[in-house]
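As provided, coords.cif (mmCIF, C-alpha atoms) reads as follows.
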```cif
data_query
loop_
_atom_site.label_atom_id
_atom_site.label_comp_id
_atom_site.auth_asym_id
_atom_site.auth_seq_id
_atom_site.Cartn_x
_atom_site.Cartn_y
_atom_site.Cartn_z
CA MET A 246 83.04 43.05 85.28
CA ALA A 247 84.96 42.01 82.22
CA GLU A 248 82.94 40.25 79.60
CA LEU A 249 83.66 37.51 77.14
CA HIS A 250 82.05 36.85 73.80
CA VAL A 251 80.03 33.64 73.61
CA GLU A 252 78.83 31.78 70.54
CA LEU A 253 76.53 28.81 71.00
CA VAL A 254 76.50 26.91 67.73
CA ALA A 255 74.56 23.79 66.78
CA ALA A 256 75.45 21.65 63.78
CA ASP A 257 72.84 23.26 61.57
CA ARG A 258 72.45 26.77 62.96
CA LYS A 259 73.77 29.41 65.32
CA VAL A 260 71.70 29.19 68.49
CA TRP A 261 72.84 32.16 70.52
CA SER A 262 75.63 34.69 70.57
CA GLY A 263 76.41 37.63 72.80
CA GLU A 264 78.44 38.90 75.72
CA ALA A 265 78.55 37.16 79.08
CA THR A 266 80.31 37.46 82.40
CA ILE A 267 80.55 33.75 83.16
CA VAL A 268 79.66 30.51 81.44
CA LEU A 269 79.12 27.32 83.40
CA ALA A 270 79.31 23.93 81.74
CA ARG A 271 80.07 20.34 82.59
CA THR A 272 83.01 18.71 80.88
CA LYS A 273 83.95 15.04 81.00
CA SER A 274 86.29 15.75 83.89
CA GLY A 275 84.01 18.03 85.90
CA ASP A 276 82.23 21.35 86.00
CA ILE A 277 84.00 24.33 84.51
CA GLY A 278 83.26 28.03 84.84
CA ILE A 279 84.77 30.37 82.29
CA GLN A 280 85.17 34.11 82.81
CA ALA A 281 86.95 36.70 80.70
CA GLY A 282 90.69 36.16 80.54
CA HIS A 283 90.54 32.42 81.20
CA GLN A 284 93.41 30.36 79.93
CA PRO A 285 92.77 28.90 76.43
CA VAL A 286 90.87 25.67 76.93
CA LEU A 287 89.37 22.98 74.75
CA GLY A 288 87.01 20.61 76.51
CA VAL A 289 84.57 17.87 75.67
CA LEU A 290 81.15 18.49 77.20
CA GLU A 291 78.80 16.07 78.83
CA SER A 292 75.20 16.05 77.70
CA ASP A 293 74.07 18.69 80.19
CA PRO A 294 72.62 22.19 80.51
CA VAL A 295 75.02 25.07 79.88
CA THR A 296 74.40 28.28 81.81
CA ILE A 297 75.43 31.66 80.43
CA ARG A 298 75.25 34.62 82.86
CA GLN A 299 75.09 38.06 81.35
CA ALA A 300 76.21 41.37 82.86
CA ASP A 301 72.63 42.56 83.48
CA GLY A 302 71.95 39.54 85.66
CA THR A 303 69.91 37.55 83.16
CA THR A 304 70.89 33.99 82.50
CA VAL A 305 70.57 31.95 79.35
CA VAL A 306 70.27 28.20 79.80
CA ALA A 307 70.62 25.75 76.93
CA ALA A 308 70.45 21.98 76.68
CA VAL A 309 73.58 20.77 74.89
CA HIS A 310 74.10 17.27 73.55
CA GLY A 311 77.34 15.90 72.18
CA GLY A 312 79.30 19.08 72.26
CA PHE A 313 82.56 20.72 73.21
CA LEU A 314 83.78 24.19 74.06
CA SER A 315 86.83 26.10 73.04
CA PHE A 316 87.99 29.33 74.62
CA ALA A 317 90.70 31.58 73.20
CA ASP A 318 91.25 35.32 72.70
CA ASN A 319 88.35 36.09 75.03
CA LYS A 320 85.97 34.27 72.71
CA LEU A 321 84.14 31.15 73.83
CA SER A 322 82.59 28.81 71.29
CA VAL A 323 80.21 26.14 72.52
CA LEU A 324 79.63 23.67 69.72
CA ALA A 325 77.08 20.89 69.85
CA GLU A 326 75.33 18.45 67.60
CA VAL A 327 72.08 19.56 69.17
CA ALA A 328 71.64 22.69 71.25
CA GLU A 329 68.35 24.17 72.40
CA LEU A 330 67.67 27.27 74.45
CA ALA A 331 65.57 26.69 77.55
CA GLU A 332 62.73 28.91 76.31
CA ASP A 333 62.54 26.97 73.03
CA ILE A 334 62.11 23.62 74.75
CA ASP A 335 58.63 22.18 74.69
CA VAL A 336 58.37 20.86 78.26
CA GLU A 337 55.37 18.66 77.59
CA ARG A 338 57.02 17.08 74.60
CA ALA A 339 60.24 16.47 76.52
CA GLU A 340 58.27 14.91 79.37
CA ARG A 341 56.49 12.63 76.92
CA ALA A 342 59.83 11.75 75.33
CA LEU A 343 61.28 11.01 78.77
CA ALA A 344 58.41 8.71 79.65
CA ALA A 345 58.64 6.95 76.30
CA ALA A 346 62.41 6.58 76.57
CA LYS A 347 62.16 5.20 80.10
CA ALA A 348 59.55 2.70 78.99
CA GLU A 349 61.85 1.48 76.25
CA THR A 350 64.87 1.64 78.57
CA GLU A 351 66.80 3.61 76.01
CA ALA A 352 69.47 5.33 78.04
CA GLY A 353 70.60 7.87 75.45
CA ALA A 354 67.14 9.17 74.65
CA ALA A 355 66.19 9.29 78.32
CA ARG A 356 69.30 11.29 79.11
CA ARG A 357 68.58 13.74 76.30
CA ALA A 358 65.02 14.28 77.48
CA GLU A 359 66.16 14.70 81.08
CA VAL A 360 68.74 17.33 80.14
CA ARG A 361 66.11 19.21 78.13
CA LEU A 362 63.77 19.26 81.12
CA ARG A 363 66.48 20.41 83.49
CA ALA A 364 67.48 23.19 81.12
CA ALA A 365 63.85 24.25 80.75
CA SER A 366 63.36 24.44 84.49
CA GLY A 367 66.54 26.53 84.77
CA ARG A 368 68.38 24.26 87.13
CA MET B 193 39.49 20.59 9.90
CA GLY B 194 42.05 18.67 7.88
CA ALA B 195 43.83 15.66 9.32
CA GLN B 196 47.21 17.40 9.08
CA LEU B 197 46.02 20.42 11.00
CA ARG B 198 44.46 18.26 13.70
CA VAL B 199 47.74 16.44 14.27
CA TYR B 200 49.63 19.72 14.70
CA LYS B 201 47.01 21.09 17.10
CA ARG B 202 47.25 17.97 19.22
CA ARG B 203 51.03 18.16 19.42
CA ILE B 204 50.92 21.83 20.37
CA ARG B 205 48.50 21.03 23.18
CA SER B 206 50.72 18.26 24.56
CA VAL B 207 53.91 20.35 24.37
CA THR B 208 52.13 23.23 26.12
CA ALA B 209 51.15 20.91 28.97
CA THR B 210 54.75 19.66 29.27
CA LYS B 211 56.02 23.22 29.26
CA LYS B 212 53.75 24.11 32.16
CA ILE B 213 55.15 21.19 34.18
CA THR B 214 58.79 21.99 33.48
CA LYS B 215 58.17 25.66 34.23
CA ALA B 216 56.66 24.73 37.58
CA MET B 217 59.60 22.43 38.38
CA GLU B 218 62.01 25.18 37.44
CA MET B 219 60.36 27.60 39.83
CA ILE B 220 60.20 25.07 42.66
CA SER B 221 63.90 24.27 42.27
CA ALA B 222 64.79 27.95 42.13
CA SER B 223 63.10 28.55 45.48
CA ARG B 224 64.72 25.46 47.00
CA ILE B 225 68.21 26.52 45.95
CA MET B 226 67.89 29.56 48.19
CA LYS B 227 66.82 27.38 51.09
CA ALA B 228 69.63 24.91 50.46
CA GLN B 229 72.18 27.70 50.23
CA ARG B 230 70.94 29.12 53.52
CA ALA B 231 71.35 25.66 55.08
CA VAL B 232 74.96 25.51 53.84
CA ALA B 233 75.62 28.97 55.28
CA ALA B 234 73.95 28.08 58.60
CA SER B 235 76.12 24.99 59.02
CA SER B 236 79.40 26.73 58.27
CA PRO B 237 80.03 28.34 61.72
CA TYR B 238 79.96 24.86 63.26
CA ALA B 239 82.15 23.35 60.54
CA ASP B 240 84.68 26.20 60.75
CA GLU B 241 84.98 26.07 64.54
CA LEU B 242 85.27 22.30 64.45
CA THR B 243 88.00 22.34 61.81
CA ARG B 244 89.87 24.94 63.83
CA ALA B 245 89.61 22.89 67.01
CA VAL B 246 90.65 19.64 65.33
CA THR B 247 93.65 21.32 63.77
CA ALA B 248 94.56 22.88 67.10
CA VAL B 249 94.53 19.54 68.92
CA ALA B 250 96.20 17.62 66.15
CA THR B 251 99.06 20.07 65.71
CA LYS B 252 99.66 20.93 69.37
CA SER B 253 99.67 17.42 70.69
CA ASN B 254 101.60 14.52 69.31
CA ALA B 255 98.67 12.27 70.03
CA LYS B 256 98.50 9.27 67.74
CA HIS B 257 95.00 8.41 66.81
CA PRO B 258 93.74 5.64 64.54
CA LEU B 259 91.76 8.18 62.54
CA THR B 260 94.87 10.19 61.67
CA THR B 261 97.56 7.53 61.26
CA GLU B 262 98.40 6.52 57.75
CA PRO B 263 98.41 2.72 57.30
CA GLU B 264 101.53 1.36 55.59
CA HIS B 265 99.66 -0.76 53.10
CA ALA B 266 96.14 0.32 52.40
CA VAL B 267 94.24 -2.77 51.28
CA ARG B 268 90.67 -1.60 51.08
CA ALA B 269 89.15 1.80 50.49
CA ALA B 270 85.57 2.95 50.99
CA VAL B 271 84.04 5.37 48.52
CA LEU B 272 80.90 7.27 49.45
CA VAL B 273 79.12 8.81 46.49
CA ILE B 274 76.32 11.34 46.91
CA THR B 275 73.69 11.55 44.18
CA ALA B 276 70.05 12.61 43.83
CA ASP B 277 66.95 10.60 44.68
CA ARG B 278 65.07 11.88 41.67
CA GLY B 279 66.02 12.43 38.06
CA LEU B 280 65.35 15.37 35.75
CA ALA B 281 68.38 17.18 37.08
CA GLY B 282 70.49 17.24 33.94
CA GLY B 283 73.92 15.69 34.36
CA TYR B 284 74.01 16.09 38.14
CA SER B 285 73.90 12.44 39.23
CA THR B 286 75.76 11.21 36.16
CA ASN B 287 78.66 13.56 36.79
CA ALA B 288 78.96 12.52 40.42
CA LEU B 289 78.82 8.83 39.46
CA LYS B 290 81.40 9.35 36.72
CA ALA B 291 83.74 10.94 39.26
CA ALA B 292 83.13 8.02 41.65
CA VAL B 293 83.89 5.45 38.96
CA GLN B 294 87.06 7.30 37.97
CA LEU B 295 88.14 7.43 41.59
CA SER B 296 87.54 3.72 42.10
CA GLU B 297 89.49 2.93 38.90
CA ARG B 298 92.37 4.96 40.29
CA LEU B 299 92.21 3.21 43.66
CA LYS B 300 92.08 -0.18 41.95
CA ALA B 301 95.14 0.77 39.90
CA GLU B 302 96.89 1.46 43.22
CA GLY B 303 96.07 -2.10 44.21
CA LYS B 304 93.23 -1.38 46.63
CA GLN B 305 89.88 -3.04 46.87
CA VAL B 306 86.96 -0.62 46.65
CA ASP B 307 83.87 -0.76 48.85
CA MET B 308 81.06 1.37 47.46
CA TYR B 309 78.65 3.28 49.71
CA ALA B 310 75.89 5.27 48.08
CA VAL B 311 73.50 8.08 48.96
CA GLY B 312 70.53 8.64 46.63
CA ARG B 313 68.33 6.39 44.55
CA LYS B 314 70.16 7.32 41.34
CA ALA B 315 73.39 5.77 42.59
CA VAL B 316 71.56 2.66 43.79
CA GLY B 317 69.97 2.29 40.35
CA TYR B 318 73.26 2.87 38.57
CA PHE B 319 75.19 0.23 40.47
CA GLY B 320 72.26 -2.16 40.56
CA TYR B 321 71.92 -2.04 36.78
CA ARG B 322 75.62 -2.81 36.36
CA ASP B 323 75.56 -5.57 38.98
CA GLN B 324 78.20 -3.81 41.03
CA PRO B 325 77.89 -4.43 44.74
CA VAL B 326 77.05 -1.54 47.06
CA VAL B 327 77.93 -2.18 50.69
CA GLN B 328 75.26 0.13 52.04
CA ALA B 329 72.95 2.71 50.54
CA TRP B 330 70.86 5.48 52.04
CA THR B 331 67.98 7.09 50.21
CA GLY B 332 65.18 9.53 50.83
CA PHE B 333 66.96 12.66 52.04
CA SER B 334 69.03 13.84 49.08
CA ASP B 335 67.13 17.09 48.55
CA LYS B 336 66.83 18.05 52.20
CA PRO B 337 69.49 16.37 54.35
CA THR B 338 69.46 16.82 58.14
CA TYR B 339 72.33 16.45 60.56
CA GLN B 340 70.77 13.23 61.76
CA ASP B 341 71.11 11.78 58.24
CA ALA B 342 74.77 12.74 58.14
CA LYS B 343 75.23 11.10 61.54
CA THR B 344 73.68 7.83 60.37
CA VAL B 345 75.88 7.73 57.28
CA SER B 346 79.09 8.61 59.07
CA ALA B 347 78.44 6.17 61.92
CA THR B 348 78.51 3.29 59.43
CA LEU B 349 81.61 4.62 57.70
CA ILE B 350 83.55 5.27 60.90
CA ASP B 351 82.59 1.78 62.06
CA ALA B 352 83.98 0.32 58.84
CA PHE B 353 87.10 2.41 59.25
CA VAL B 354 87.94 1.37 62.80
CA THR B 355 87.31 -2.32 62.08
CA GLU B 356 90.47 -4.31 61.44
CA THR B 357 91.28 -4.77 57.76
CA GLU B 358 91.29 -8.56 58.13
CA LYS B 359 87.76 -8.46 59.48
CA GLY B 360 86.47 -6.52 56.51
CA GLY B 361 87.29 -2.99 57.62
CA VAL B 362 88.56 -0.28 55.30
CA ASP B 363 91.84 1.67 55.48
CA GLU B 364 90.77 4.75 53.61
CA LEU B 365 87.58 6.73 53.26
CA HIS B 366 86.87 8.79 50.17
CA LEU B 367 83.92 11.05 49.55
CA VAL B 368 82.56 11.98 46.12
CA SER B 369 80.09 14.84 46.16
CA THR B 370 79.13 17.86 44.13
CA GLU B 371 80.51 21.21 45.12
CA PHE B 372 78.16 24.16 44.76
CA VAL B 373 80.22 26.92 43.16
CA SER B 374 77.45 29.12 41.82
CA MET B 375 73.97 28.88 40.32
CA LEU B 376 75.59 27.96 37.00
CA THR B 377 78.58 25.90 38.10
CA GLN B 378 78.57 22.73 40.17
CA ASN B 379 81.65 20.52 40.17
CA PRO B 380 81.92 16.89 41.21
CA VAL B 381 84.79 16.61 43.69
CA ASP B 382 86.46 13.72 45.49
CA VAL B 383 88.24 14.13 48.81
CA ARG B 384 89.90 11.72 51.18
CA LEU B 385 88.21 12.10 54.55
CA LEU B 386 90.21 9.51 56.47
CA PRO B 387 92.94 9.09 57.45
CA LEU B 388 92.81 12.79 58.13
CA SER B 389 95.66 14.48 56.32
CA LEU B 390 96.96 17.10 58.69
CA ALA B 391 98.85 18.90 55.93
CA GLU B 392 95.57 20.03 54.45
CA THR B 393 94.16 21.27 57.72
CA GLN B 394 97.42 22.98 58.63
CA GLU B 395 97.36 24.79 55.33
CA ASN B 396 94.06 26.39 56.35
CA ALA B 397 95.36 27.13 59.80
CA LYS B 398 98.27 29.19 58.54
CA GLU B 399 95.90 31.89 57.38
CA GLN B 400 94.46 32.26 60.86
CA GLY B 401 97.79 32.66 62.58
CA PRO B 402 99.31 30.54 65.35
CA PHE B 403 97.09 28.69 67.79
CA PRO B 404 96.92 29.59 71.46
CA LEU B 405 98.28 27.03 73.91
CA TYR B 406 95.11 25.19 74.82
CA ASP B 407 94.41 23.33 78.01
CA PHE B 408 92.67 20.09 77.13
CA GLU B 409 89.76 18.70 79.14
CA PRO B 410 90.02 15.79 79.88
CA SER B 411 93.21 15.21 77.79
CA ALA B 412 94.47 15.82 74.27
CA GLU B 413 93.71 12.20 73.34
CA GLY B 414 90.26 12.38 74.89
CA VAL B 415 89.44 15.56 73.01
CA LEU B 416 90.71 14.10 69.76
CA ASP B 417 88.67 10.95 70.39
CA ALA B 418 85.52 13.02 70.76
CA LEU B 419 86.24 15.52 68.01
CA LEU B 420 87.33 13.38 65.07
CA PRO B 421 84.04 11.52 64.59
CA ARG B 422 82.27 14.90 64.86
CA TYR B 423 84.63 16.25 62.26
CA VAL B 424 83.83 13.43 59.83
CA GLU B 425 80.11 13.93 60.50
CA SER B 426 80.33 17.62 59.84
CA ARG B 427 82.30 17.09 56.62
CA ILE B 428 79.71 14.60 55.39
CA TYR B 429 76.90 16.92 56.48
CA ASN B 430 78.47 19.78 54.57
CA ALA B 431 78.92 17.56 51.48
CA LEU B 432 75.26 16.50 51.70
CA LEU B 433 74.10 20.10 51.93
CA GLN B 434 76.29 21.26 49.07
CA SER B 435 75.14 18.34 46.96
CA ALA B 436 71.51 19.18 47.72
CA ALA B 437 72.06 22.77 46.63
CA SER B 438 73.83 21.53 43.50
CA GLU B 439 71.00 19.13 42.77
CA HIS B 440 68.44 21.93 42.88
CA ALA B 441 70.63 24.20 40.77
CA ALA B 442 71.17 21.45 38.18
CA ARG B 443 67.47 20.69 38.11
CA ARG B 444 66.58 24.34 37.72
CA ARG B 445 68.93 24.69 34.77
CA ALA B 446 67.75 21.47 33.13
CA MET B 447 64.12 22.49 33.54
CA LYS B 448 64.85 25.99 32.27
CA SER B 449 66.31 24.63 29.04
CA ALA B 450 63.41 22.16 28.78
CA THR B 451 60.95 25.06 29.10
CA ASP B 452 62.88 27.07 26.50
CA ASN B 453 62.93 24.12 24.12
CA ALA B 454 59.22 23.56 24.59
CA GLY B 455 58.65 27.23 23.71
CA GLU B 456 60.70 26.83 20.53
CA LEU B 457 58.83 23.68 19.64
CA ILE B 458 55.45 25.35 20.14
CA LYS B 459 56.57 28.23 17.95
CA SER B 460 57.67 26.04 15.04
CA LEU B 461 54.63 23.78 15.42
CA SER B 462 52.24 26.72 15.26
CA ARG B 463 54.04 27.94 12.10
CA LEU B 464 53.46 24.51 10.55
CA ALA B 465 49.86 24.49 11.74
CA ASN B 466 49.30 27.95 10.23
CA SER B 467 50.68 26.94 6.87
CA ALA B 468 48.64 23.73 6.97
CA ARG B 469 45.49 25.75 7.64
CA GLN B 470 46.38 28.19 4.86
CA ALA B 471 47.00 25.33 2.42
CA GLU B 472 43.63 23.88 3.35
CA ILE B 473 41.89 27.21 2.66
CA THR B 474 43.75 27.65 -0.65
CA GLN B 475 42.70 24.17 -1.67
CA GLU B 476 39.09 24.79 -0.78
CA ILE B 477 39.06 28.05 -2.79
CA SER B 478 40.61 26.42 -5.83
CA GLU B 479 38.09 23.60 -5.53
CA ILE B 480 35.20 26.08 -5.43
CA VAL B 481 36.63 28.13 -8.32
CA GLY B 482 37.26 24.94 -10.30
CA GLY B 483 33.72 23.74 -9.62
CA ALA B 484 32.23 27.11 -10.62
CA THR B 485 34.23 27.18 -13.86
CA ALA B 486 33.18 23.63 -14.70
CA LEU B 487 29.53 24.58 -14.02
CA ALA B 488 29.86 27.73 -16.17
CA ASP B 489 31.45 25.74 -18.98
CA ALA B 490 28.67 23.14 -18.86
CA ASN B 491 25.99 25.88 -18.94
CA ALA B 492 27.75 27.62 -21.87
CA GLY B 493 27.72 24.34 -23.81
CA ARG B 494 23.93 23.95 -23.36
CA ASP B 495 23.28 27.36 -24.90
#
```

Could you render the structure as structure tokens?
Amino acid sequence: MAELHVELVAADRKVWSGEATIVLARTKSGDIGIQAGHQPVLGVLESDPVTIRQADGTTVVAAVHGGFLSFADNKLSVLAEVAELAEDIDVERAERALAAAKAETEAGAARRAEVRLRAASGR
Amino acid sequence: MGAQLRVYKRRIRSVTATKKITKAMEMISASRIMKAQRAVAASSPYADELTRAVTAVATKSNAKHPLTTEPEHAVRAAVLVITADRGLAGGYSTNALKAAVQLSERLKAEGKQVDMYAVGRKAVGYFGYRDQPVVQAWTGFSDKPTYQDAKTVSATLIDAFVTETEKGGVDELHLVSTEFVSMLTQNPVDVRLLPLSLAETQENAKEQGPFPLYDFEPSAEGVLDALLPRYVESRIYNALLQSAASEHAARRRAMKSATDNAGELIKSLSRLANSARQAEITQEISEIVGGATALADANAGRD
């Protein structure tokens, strides 16, 4: 299967880069799946997990907040203010943050914590 | 020990202690420059991609956006100046402030009011001492800025920019920061962040060749809406990082020359101390010789 090059970049560092067969993300207007040879696209992402499937069947999941993606010349860039790989997410800390955010009814923080947890659990 | 000699010894001791401090500061700054430079390098993939995307949207679509449209009569301009929180960095903060003052003179000559925004305690002190109003100031992160800091700063500035002029908003946004050229050269620079001049971004784009025909999700306007604030944030973040690197480089150089000067001072002071000690010894010898001669003369008289 044809592969595309993916770069997952946060504001202050490069989070992940490599080859993938398909990348699934949620834009403002709905879910999008990008495979090699997709039409050039520039989309604003929702705060949501992004799933990157590689040729050997492994998947990389990352929590992405405030980002967008651009695809051209078989190269996909996912840019985000904050991006964390699922394995780097401290589940306990995110759960604590979620509880704290819910208690303070702070929607933004709660959403961020929720996305982190979902990414960590691979859903 | 003679009084003179004691004074010299004391001064040598105090200069040696100062030299140790400046040497330590020099080494700390030297190690932080590397870290700061790495931070600049780490943030550049994001900034590059973002600039590319913004240029792509802005050139391909004819979308009019408040952040890119040039007002006919700019009444008020905001100037953000980035300085250090701490001193002992040579001319670093002074140069940035001088550039900011020059810029605001120029804007005033063009008939615009100037709203000052400041990052760093040095800028706060400078304007406070001169009784010049600062609309808002941020301190405490000048030597190690995070993206969150840049976000806080730019949120305020974008807010001021989108507010109507009559209600106290600004029409232009300028940024004065220090560009890190090399370990030896750091230049204060001023750029106009908003309204975004597309000519400048297009200039960069030419080198990369034509853009592909993008599909926009959800729409060109929507993408532009989301991207432009990010773009401003990333520009401010980059300016903060470069300024931090410049601050460390300036401090390292200032502390290096302070250490060198202290070394020189110690050298010349120990020369003086040596000659003072020698003079003391010479005096003592001549006193002893004089005394002995006087004694001998007195004895000779008795015989």

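Straight-line separation from CA of Leu197 in chain B to CA of Ala465 in chain B: 5.6 Å.
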
Which residues match the PyMOL selection byres ((chain B and resi 240) around 12) in the file above, as a CSV table (one decimal) with C-alpha atoms, in the coordinates of the input?
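Output file out-v7.csv follows:
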```csv
chain,number,residue,atom,x,y,z
A,254,VAL,CA,76.5,26.9,67.7
A,256,ALA,CA,75.4,21.6,63.8
A,322,SER,CA,82.6,28.8,71.3
A,324,LEU,CA,79.6,23.7,69.7
B,232,VAL,CA,75.0,25.5,53.8
B,233,ALA,CA,75.6,29.0,55.3
B,234,ALA,CA,74.0,28.1,58.6
B,235,SER,CA,76.1,25.0,59.0
B,236,SER,CA,79.4,26.7,58.3
B,237,PRO,CA,80.0,28.3,61.7
B,238,TYR,CA,80.0,24.9,63.3
B,239,ALA,CA,82.2,23.4,60.5
B,241,GLU,CA,85.0,26.1,64.5
B,242,LEU,CA,85.3,22.3,64.4
B,243,THR,CA,88.0,22.3,61.8
B,244,ARG,CA,89.9,24.9,63.8
B,245,ALA,CA,89.6,22.9,67.0
B,246,VAL,CA,90.6,19.6,65.3
B,247,THR,CA,93.6,21.3,63.8
B,393,THR,CA,94.2,21.3,57.7
B,396,ASN,CA,94.1,26.4,56.4
B,397,ALA,CA,95.4,27.1,59.8
B,400,GLN,CA,94.5,32.3,60.9
B,423,TYR,CA,84.6,16.2,62.3
B,426,SER,CA,80.3,17.6,59.8
B,427,ARG,CA,82.3,17.1,56.6
B,430,ASN,CA,78.5,19.8,54.6
```

Got a sec to resolve the PyMOL selection byres ((chain B and resi 450) around 10) on this structure and send the residues as an mmCIF file with C-alpha atoms, in the coordinates of the input?
```cif
data_model
loop_
_atom_site.group_PDB
_atom_site.id
_atom_site.type_symbol
_atom_site.label_atom_id
_atom_site.label_comp_id
_atom_site.auth_asym_id
_atom_site.auth_seq_id
_atom_site.Cartn_x
_atom_site.Cartn_y
_atom_site.Cartn_z
ATOM 1 C CA THR B 210 54.750 19.660 29.270
ATOM 2 C CA LYS B 211 56.020 23.220 29.260
ATOM 3 C CA ILE B 213 55.150 21.190 34.180
ATOM 4 C CA THR B 214 58.790 21.990 33.480
ATOM 5 C CA LYS B 215 58.170 25.660 34.230
ATOM 6 C CA GLU B 218 62.010 25.180 37.440
ATOM 7 C CA LEU B 280 65.350 15.370 35.750
ATOM 8 C CA ARG B 444 66.580 24.340 37.720
ATOM 9 C CA ARG B 445 68.930 24.690 34.770
ATOM 10 C CA ALA B 446 67.750 21.470 33.130
ATOM 11 C CA MET B 447 64.120 22.490 33.540
ATOM 12 C CA LYS B 448 64.850 25.990 32.270
ATOM 13 C CA SER B 449 66.310 24.630 29.040
ATOM 14 C CA THR B 451 60.950 25.060 29.100
ATOM 15 C CA ASP B 452 62.880 27.070 26.500
ATOM 16 C CA ASN B 453 62.930 24.120 24.120
ATOM 17 C CA ALA B 454 59.220 23.560 24.590
ATOM 18 C CA GLY B 455 58.650 27.230 23.710
ATOM 19 C CA GLU B 456 60.700 26.830 20.530
#
```

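Those residues returned by the PyMOL selection byres ((chain A and resi 316) around 8) for this file are A:His283, A:Gln284, A:Pro285, A:Val286, A:Leu287, A:Leu314, A:Ser315, A:Ala317, A:Asp318, A:Asn319, A:Lys320, A:Leu321, A:Ser322.
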
Next item on the list: Write out as a PyMOL selection string which residues come within 9 Å of range 334-345 of chain A when counting only C-alpha atoms, dropping same-chain ones fewer than 2 positions away.
Entry: chain A and resi 308+329-332+347-351+354-359+361-362+364-366

Margin query: Around (45.9, 26.7, 7.5), as given in the file, which residues come within 12 Å? Count only C-alpha atoms and list them as an MDAnalysis selection string.
Written below: chainID B and resid 193:198 200:201 462:476

Would you put the residues from that selection into a file with C-alpha atoms, as a short mmCIF file (atom, residue, chain, number, x, y, z; two decimals), keeping the file's coordinate frame?
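Once everything was written out, this is selection-v7.cif:
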```cif
data_model
loop_
_atom_site.label_atom_id
_atom_site.label_comp_id
_atom_site.auth_asym_id
_atom_site.auth_seq_id
_atom_site.Cartn_x
_atom_site.Cartn_y
_atom_site.Cartn_z
CA MET B 193 39.49 20.59 9.90
CA GLY B 194 42.05 18.67 7.88
CA ALA B 195 43.83 15.66 9.32
CA GLN B 196 47.21 17.40 9.08
CA LEU B 197 46.02 20.42 11.00
CA ARG B 198 44.46 18.26 13.70
CA TYR B 200 49.63 19.72 14.70
CA LYS B 201 47.01 21.09 17.10
CA SER B 462 52.24 26.72 15.26
CA ARG B 463 54.04 27.94 12.10
CA LEU B 464 53.46 24.51 10.55
CA ALA B 465 49.86 24.49 11.74
CA ASN B 466 49.30 27.95 10.23
CA SER B 467 50.68 26.94 6.87
CA ALA B 468 48.64 23.73 6.97
CA ARG B 469 45.49 25.75 7.64
CA GLN B 470 46.38 28.19 4.86
CA ALA B 471 47.00 25.33 2.42
CA GLU B 472 43.63 23.88 3.35
CA ILE B 473 41.89 27.21 2.66
CA THR B 474 43.75 27.65 -0.65
CA GLN B 475 42.70 24.17 -1.67
CA GLU B 476 39.09 24.79 -0.78
#
```

Within 7 Å of chain A, which residues of chain B are there when counting all atoms listed in the file? Please give them as a tab-separated table (two decimals) with C-alpha atoms, in the coordinates of the input.
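Output file part_35.tsv is given in full below:
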```tsv
chain	number	residue	atom	x	y	z
B	234	ALA	CA	73.95	28.08	58.60
B	235	SER	CA	76.12	24.99	59.02
B	238	TYR	CA	79.96	24.86	63.26
B	339	TYR	CA	72.33	16.45	60.56
B	404	PRO	CA	96.92	29.59	71.46
B	405	LEU	CA	98.28	27.03	73.91
B	406	TYR	CA	95.11	25.19	74.82
B	407	ASP	CA	94.41	23.33	78.01
B	408	PHE	CA	92.67	20.09	77.13
B	409	GLU	CA	89.76	18.70	79.14
B	410	PRO	CA	90.02	15.79	79.88
B	415	VAL	CA	89.44	15.56	73.01
B	418	ALA	CA	85.52	13.02	70.76
```

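Taking CA of His310 in chain A and CA of Ala328 in chain A as endpoints, the distance between them is 6.4 Å.
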
Rebuild range 480-487 of chain B so that it carries N, CA and C atoms, then output the result as a short mmCIF file (atom, residue, chain, number, x, y, z; two decimals), keeping the file's coordinate frame.
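The result, written out as out_2.cif:
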```cif
data_model
loop_
_atom_site.label_atom_id
_atom_site.label_comp_id
_atom_site.auth_asym_id
_atom_site.auth_seq_id
_atom_site.Cartn_x
_atom_site.Cartn_y
_atom_site.Cartn_z
N ILE B 480 36.44 25.34 -5.15
CA ILE B 480 35.20 26.08 -5.43
C ILE B 480 35.28 26.75 -6.80
N VAL B 481 36.44 27.43 -7.03
CA VAL B 481 36.63 28.13 -8.32
C VAL B 481 36.55 27.12 -9.46
N GLY B 482 37.25 25.98 -9.26
CA GLY B 482 37.26 24.94 -10.30
C GLY B 482 35.85 24.43 -10.60
N GLY B 483 35.10 24.24 -9.49
CA GLY B 483 33.72 23.74 -9.62
C GLY B 483 32.87 24.74 -10.38
N ALA B 484 33.02 26.05 -9.99
CA ALA B 484 32.23 27.11 -10.62
C ALA B 484 32.53 27.19 -12.12
N THR B 485 33.83 27.10 -12.44
CA THR B 485 34.23 27.18 -13.86
C THR B 485 33.62 26.01 -14.64
N ALA B 486 33.70 24.82 -14.03
CA ALA B 486 33.18 23.63 -14.70
C ALA B 486 31.68 23.81 -14.97
N LEU B 487 30.98 24.36 -13.90
CA LEU B 487 29.53 24.58 -14.02
C LEU B 487 29.23 25.57 -15.14
#
```
